[in-house]
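A.B. asks: protein-v2.csv (CSV, C-alpha atoms and all ligand atoms) pasted underneath:
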```csv
chain,number,residue,atom,x,y,z
A,1,MET,CA,0.0,0.0,0.0
A,2,PRO,CA,1.5,3.4,-0.9
A,3,ARG,CA,2.5,5.6,2.0
A,4,PRO,CA,0.6,8.9,2.5
A,5,ASP,CA,2.5,12.0,1.4
A,6,ALA,CA,3.0,13.2,4.9
A,7,VAL,CA,4.8,10.0,5.9
A,8,LEU,CA,7.0,10.2,2.8
A,9,LEU,CA,7.9,13.8,3.5
A,10,ALA,CA,8.8,12.9,7.1
A,11,THR,CA,11.0,10.0,6.1
A,12,VAL,CA,12.7,10.4,2.8
A,13,GLY,CA,11.3,13.7,1.5
A,14,GLY,CA,12.0,16.5,4.0
A,15,HIS,CA,10.9,20.1,4.1
A,16,VAL,CA,13.1,21.4,1.3
A,17,GLY,CA,14.1,20.2,-2.2
A,18,TYR,CA,16.3,21.9,-4.8
A,19,SER,CA,17.8,21.3,-8.2
A,20,VAL,CA,20.2,23.5,-10.1
A,21,ARG,CA,20.5,23.5,-13.9
A,22,PRO,CA,23.5,21.4,-14.9
A,23,SER,CA,25.3,24.3,-16.6
A,24,ALA,CA,25.1,26.4,-13.4
A,25,ARG,CA,26.2,23.8,-10.9
A,26,ARG,CA,29.2,24.2,-8.6
A,27,ARG,CA,28.9,28.0,-8.4
A,28,GLY,CA,27.3,28.1,-5.0
A,29,PHE,CA,23.7,28.6,-6.1
A,30,ALA,CA,22.2,25.6,-4.2
A,31,SER,CA,24.1,26.6,-1.0
A,32,ASP,CA,22.9,30.2,-1.3
A,33,ALA,CA,19.3,29.2,-2.0
A,34,LEU,CA,19.2,26.8,1.0
A,35,ARG,CA,20.7,29.3,3.3
A,36,HIS,CA,18.1,31.9,2.2
A,37,VAL,CA,15.3,29.4,2.9
A,38,VAL,CA,16.2,29.1,6.6
A,39,PRO,CA,15.0,32.5,7.8
A,40,VAL,CA,11.9,32.1,5.6
A,41,ALA,CA,11.1,28.9,7.5
A,42,ALA,CA,11.8,30.6,10.8
A,43,GLY,CA,9.3,33.3,9.8
A,44,LEU,CA,6.8,30.6,9.3
A,45,GLY,CA,7.4,29.3,12.8
A,46,ILE,CA,9.3,26.1,11.7
A,47,GLU,CA,12.0,25.4,14.3
A,48,ARG,CA,14.0,23.0,12.3
A,49,LEU,CA,14.1,21.8,8.7
A,50,LEU,CA,14.5,18.2,7.6
A,51,VAL,CA,16.6,18.0,4.5
A,52,THR,CA,17.5,14.6,2.9
A,53,CYS,CA,19.8,13.5,0.1
A,54,ASP,CA,20.8,10.2,-1.5
A,55,LEU,CA,23.7,8.5,0.2
A,56,ASP,CA,25.9,9.0,-2.9
A,57,ASN,CA,24.9,12.7,-3.5
A,58,LEU,CA,28.0,14.4,-2.3
A,59,GLY,CA,27.1,17.7,-3.8
A,60,SER,CA,23.7,17.8,-2.0
A,61,ALA,CA,25.3,16.6,1.3
A,62,ARG,CA,27.8,19.5,1.1
A,63,THR,CA,25.0,21.9,0.2
A,64,ILE,CA,23.1,20.9,3.4
A,65,GLU,CA,26.2,20.9,5.6
A,66,SER,CA,27.1,24.4,4.3
A,67,ALA,CA,23.7,25.6,5.5
A,68,GLY,CA,24.2,24.2,9.0
A,69,GLY,CA,22.7,20.8,8.5
A,70,GLU,CA,23.4,18.3,11.3
A,71,LEU,CA,23.4,14.7,10.3
A,72,GLU,CA,20.9,12.6,12.1
A,73,GLY,CA,21.6,9.4,10.3
A,74,GLU,CA,20.5,7.3,7.4
A,75,LEU,CA,17.1,5.9,6.5
A,76,GLU,CA,16.0,4.1,3.4
A,77,GLY,CA,19.0,5.1,1.3
A,78,LYS,CA,18.9,8.7,2.4
A,79,ARG,CA,21.0,10.9,4.7
A,80,ARG,CA,18.8,12.8,7.0
A,81,TYR,CA,19.9,16.3,8.2
A,82,TRP,CA,18.3,18.8,10.4
A,83,ILE,CA,18.8,22.6,10.1
A,84,ARG,CA,17.9,24.7,13.2
A,85,THR,CA,16.2,27.8,12.0
A,86,GLY,CA,16.3,29.9,15.1
A,87,ALA,CA,12.6,30.2,15.3
A,101,LIG,C1,23.0,18.9,-5.7
A,101,LIG,C2,22.9,20.2,-6.4
A,101,LIG,C3,21.6,20.9,-6.1
A,101,LIG,C4,24.1,21.1,-6.0
A,101,LIG,O1,23.9,22.4,-6.6
A,101,LIG,P1,25.2,23.4,-6.8
A,101,LIG,O2,24.6,24.7,-7.0
A,101,LIG,O3,26.1,22.8,-7.7
A,101,LIG,O4,25.9,23.3,-5.3
A,101,LIG,P2,26.9,24.4,-4.7
A,101,LIG,O5,27.7,25.0,-5.9
A,101,LIG,O6,26.2,25.3,-3.8
A,101,LIG,O7,28.0,23.4,-4.0
A,101,LIG,C5,27.8,23.1,-2.6
A,101,LIG,C6,29.0,22.2,-2.2
A,101,LIG,O8,28.9,20.9,-2.8
A,101,LIG,C7,30.0,20.7,-3.6
A,101,LIG,N1,29.6,20.0,-4.8
A,101,LIG,C8,28.6,20.4,-5.7
A,101,LIG,N2,28.5,19.4,-6.6
A,101,LIG,C9,29.3,18.4,-6.3
A,101,LIG,C10,29.6,17.2,-6.9
A,101,LIG,N3,29.0,16.7,-8.0
A,101,LIG,N4,30.5,16.4,-6.3
A,101,LIG,C11,31.2,16.8,-5.2
A,101,LIG,N5,30.9,18.0,-4.5
A,101,LIG,C12,30.0,18.8,-5.1
A,101,LIG,C13,30.6,22.1,-3.9
A,101,LIG,O9,32.0,22.0,-4.2
A,101,LIG,C14,30.3,22.8,-2.6
A,101,LIG,O10,31.3,22.4,-1.6
A,101,LIG,P3,31.9,23.4,-0.5
A,101,LIG,O11,30.7,23.8,0.3
A,101,LIG,O12,32.8,22.5,0.2
A,101,LIG,O13,32.5,24.5,-1.3
A,101,LIG,C15,23.0,20.0,-7.9
A,101,LIG,O14,24.2,19.2,-8.2
A,101,LIG,C16,21.8,19.4,-8.5
A,101,LIG,O15,20.9,20.1,-8.9
A,101,LIG,N6,21.8,18.0,-8.7
A,101,LIG,C17,20.6,17.3,-9.2
A,101,LIG,C18,19.4,17.4,-8.3
A,101,LIG,C19,19.7,17.0,-6.9
A,101,LIG,O16,20.5,16.1,-6.7
A,101,LIG,N7,19.0,17.7,-6.0
A,101,LIG,C20,19.2,17.4,-4.6
A,101,LIG,C21,18.3,16.3,-4.2
A,101,LIG,S1,18.5,15.9,-2.4
```
What would you get if you wrote out this structure as structure tokens?

C.D. replies:
Amino acid sequence: MPRPDAVLLATVGGHVGYSVRPSARRRGFASDALRHVVPVAAGLGIERLLVTCDLDNLGSARTIESAGGELEGELEGKRRYWIRTGA
């Protein structure tokens, strides 16, 4: 039976997703974008953001870490990070 969307978001999805056009990668855009999302989330009253990436997605892992992501662990082939927003 398929899992409800809310369960998927809480396990492998997370609060935030991003993708950068291939020709614009490795220029800091994903890191900048994710850092800018954090105060927006705080303004919405969200105390911490769940951000996940595939185990082999080094670029995404670095992006999350550069925005203050703290690794919680791995679940279903994903790394799970939390970013405190300061809310
Ligand atoms: C993952 C993705 C969003 C990164 O975007 P980006 O704009 O290139 O990332 P940045 O330029 O901000 O780089 C962030 C860090 O990751 C590193 N990085 C980026 N791509 C990398 C790669 N392919 N391999 C290793 N490191 C990489 C950068 O060097 C940088 O490291 P630093 O903080 O130590 O300087 C982009 O590769 C992408 O769109 N991938 C396809 C979609 C995707 O995987 N989305 C994320 C789903 S969880």

A.B. asks: Could you produce a table of the residues of chain A lying within 7 Å of ligand LIG 101 (chain A), with the nearest pair of atoms per residue and their separation in Å rounded to one decimal, using all atoms listed in the file, ordered by chain and increasing residue number, as CSV?

C.D. replies:
```
residue,atom,partner,partner_atom,distance
A:Gly17,CA,A:LIG101,C21,6.1
A:Tyr18,CA,A:LIG101,N7,5.1
A:Ser19,CA,A:LIG101,O15,3.4
A:Val20,CA,A:LIG101,O15,3.7
A:Arg21,CA,A:LIG101,O15,6.1
A:Pro22,CA,A:LIG101,O15,6.7
A:Ala24,CA,A:LIG101,O2,6.6
A:Arg25,CA,A:LIG101,O3,3.4
A:Arg26,CA,A:LIG101,O5,3.2
A:Arg27,CA,A:LIG101,O5,4.1
A:Gly28,CA,A:LIG101,O6,3.2
A:Phe29,CA,A:LIG101,O2,4.1
A:Ala30,CA,A:LIG101,O2,3.8
A:Ser31,CA,A:LIG101,O6,3.7
A:Asp32,CA,A:LIG101,O6,6.4
A:Thr52,CA,A:LIG101,S1,5.5
A:Cys53,CA,A:LIG101,S1,3.7
A:Asp54,CA,A:LIG101,S1,6.2
A:Asn57,CA,A:LIG101,O16,6.4
A:Leu58,CA,A:LIG101,C11,4.9
A:Gly59,CA,A:LIG101,C12,3.4
A:Ser60,CA,A:LIG101,C1,3.9
A:Ala61,CA,A:LIG101,O8,6.9
A:Arg62,CA,A:LIG101,O8,4.3
A:Thr63,CA,A:LIG101,C5,4.1
A:Ser66,CA,A:LIG101,O11,5.4
```

A.B. asks: Rank A:Val12, A:Leu49, A:Met1, A:Ala41 by their smallest atom-to-atom distance to A:Lys78, using only C-alpha atoms, and report the top residue only.

C.D. replies: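 Of A:Val12, A:Leu49, A:Met1, A:Ala41, the one nearest A:Lys78 is A:Val12, counting only C-alpha atoms.
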
A.B. asks: Hey, which of A:Ala67, A:Gly13, A:Arg48, A:Val40 ends up closest to A:Arg79? Count all atoms listed in the file.

C.D. replies: A:Gly13

A.B. asks: Please compute the atom CA of A:Gly68-atom CA of A:Leu8 distance, one decimal, in Å.

C.D. replies: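 Spanning atom CA of A:Gly68 to atom CA of A:Leu8 is a straight-line distance of 23.0 Å.
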
A.B. asks: Which is closer to A:Thr11 than all the others in A:Val51, A:Ile64, A:Ile46, A:Leu71, using only C-alpha atoms?

C.D. replies: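 Nearest candidate to A:Thr11 out of A:Val51, A:Ile64, A:Ile46, A:Leu71: A:Val51.
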
A.B. asks: Compare A:Leu50, A:Val16, A:Ala10, A:Leu75 by their minimum atom-to-atom distance to A:Val37, counting all atoms listed in the file, and give me the closest one.

C.D. replies: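 Comparing A:Leu50, A:Val16, A:Ala10, A:Leu75 against A:Val37, the winner is A:Val16.
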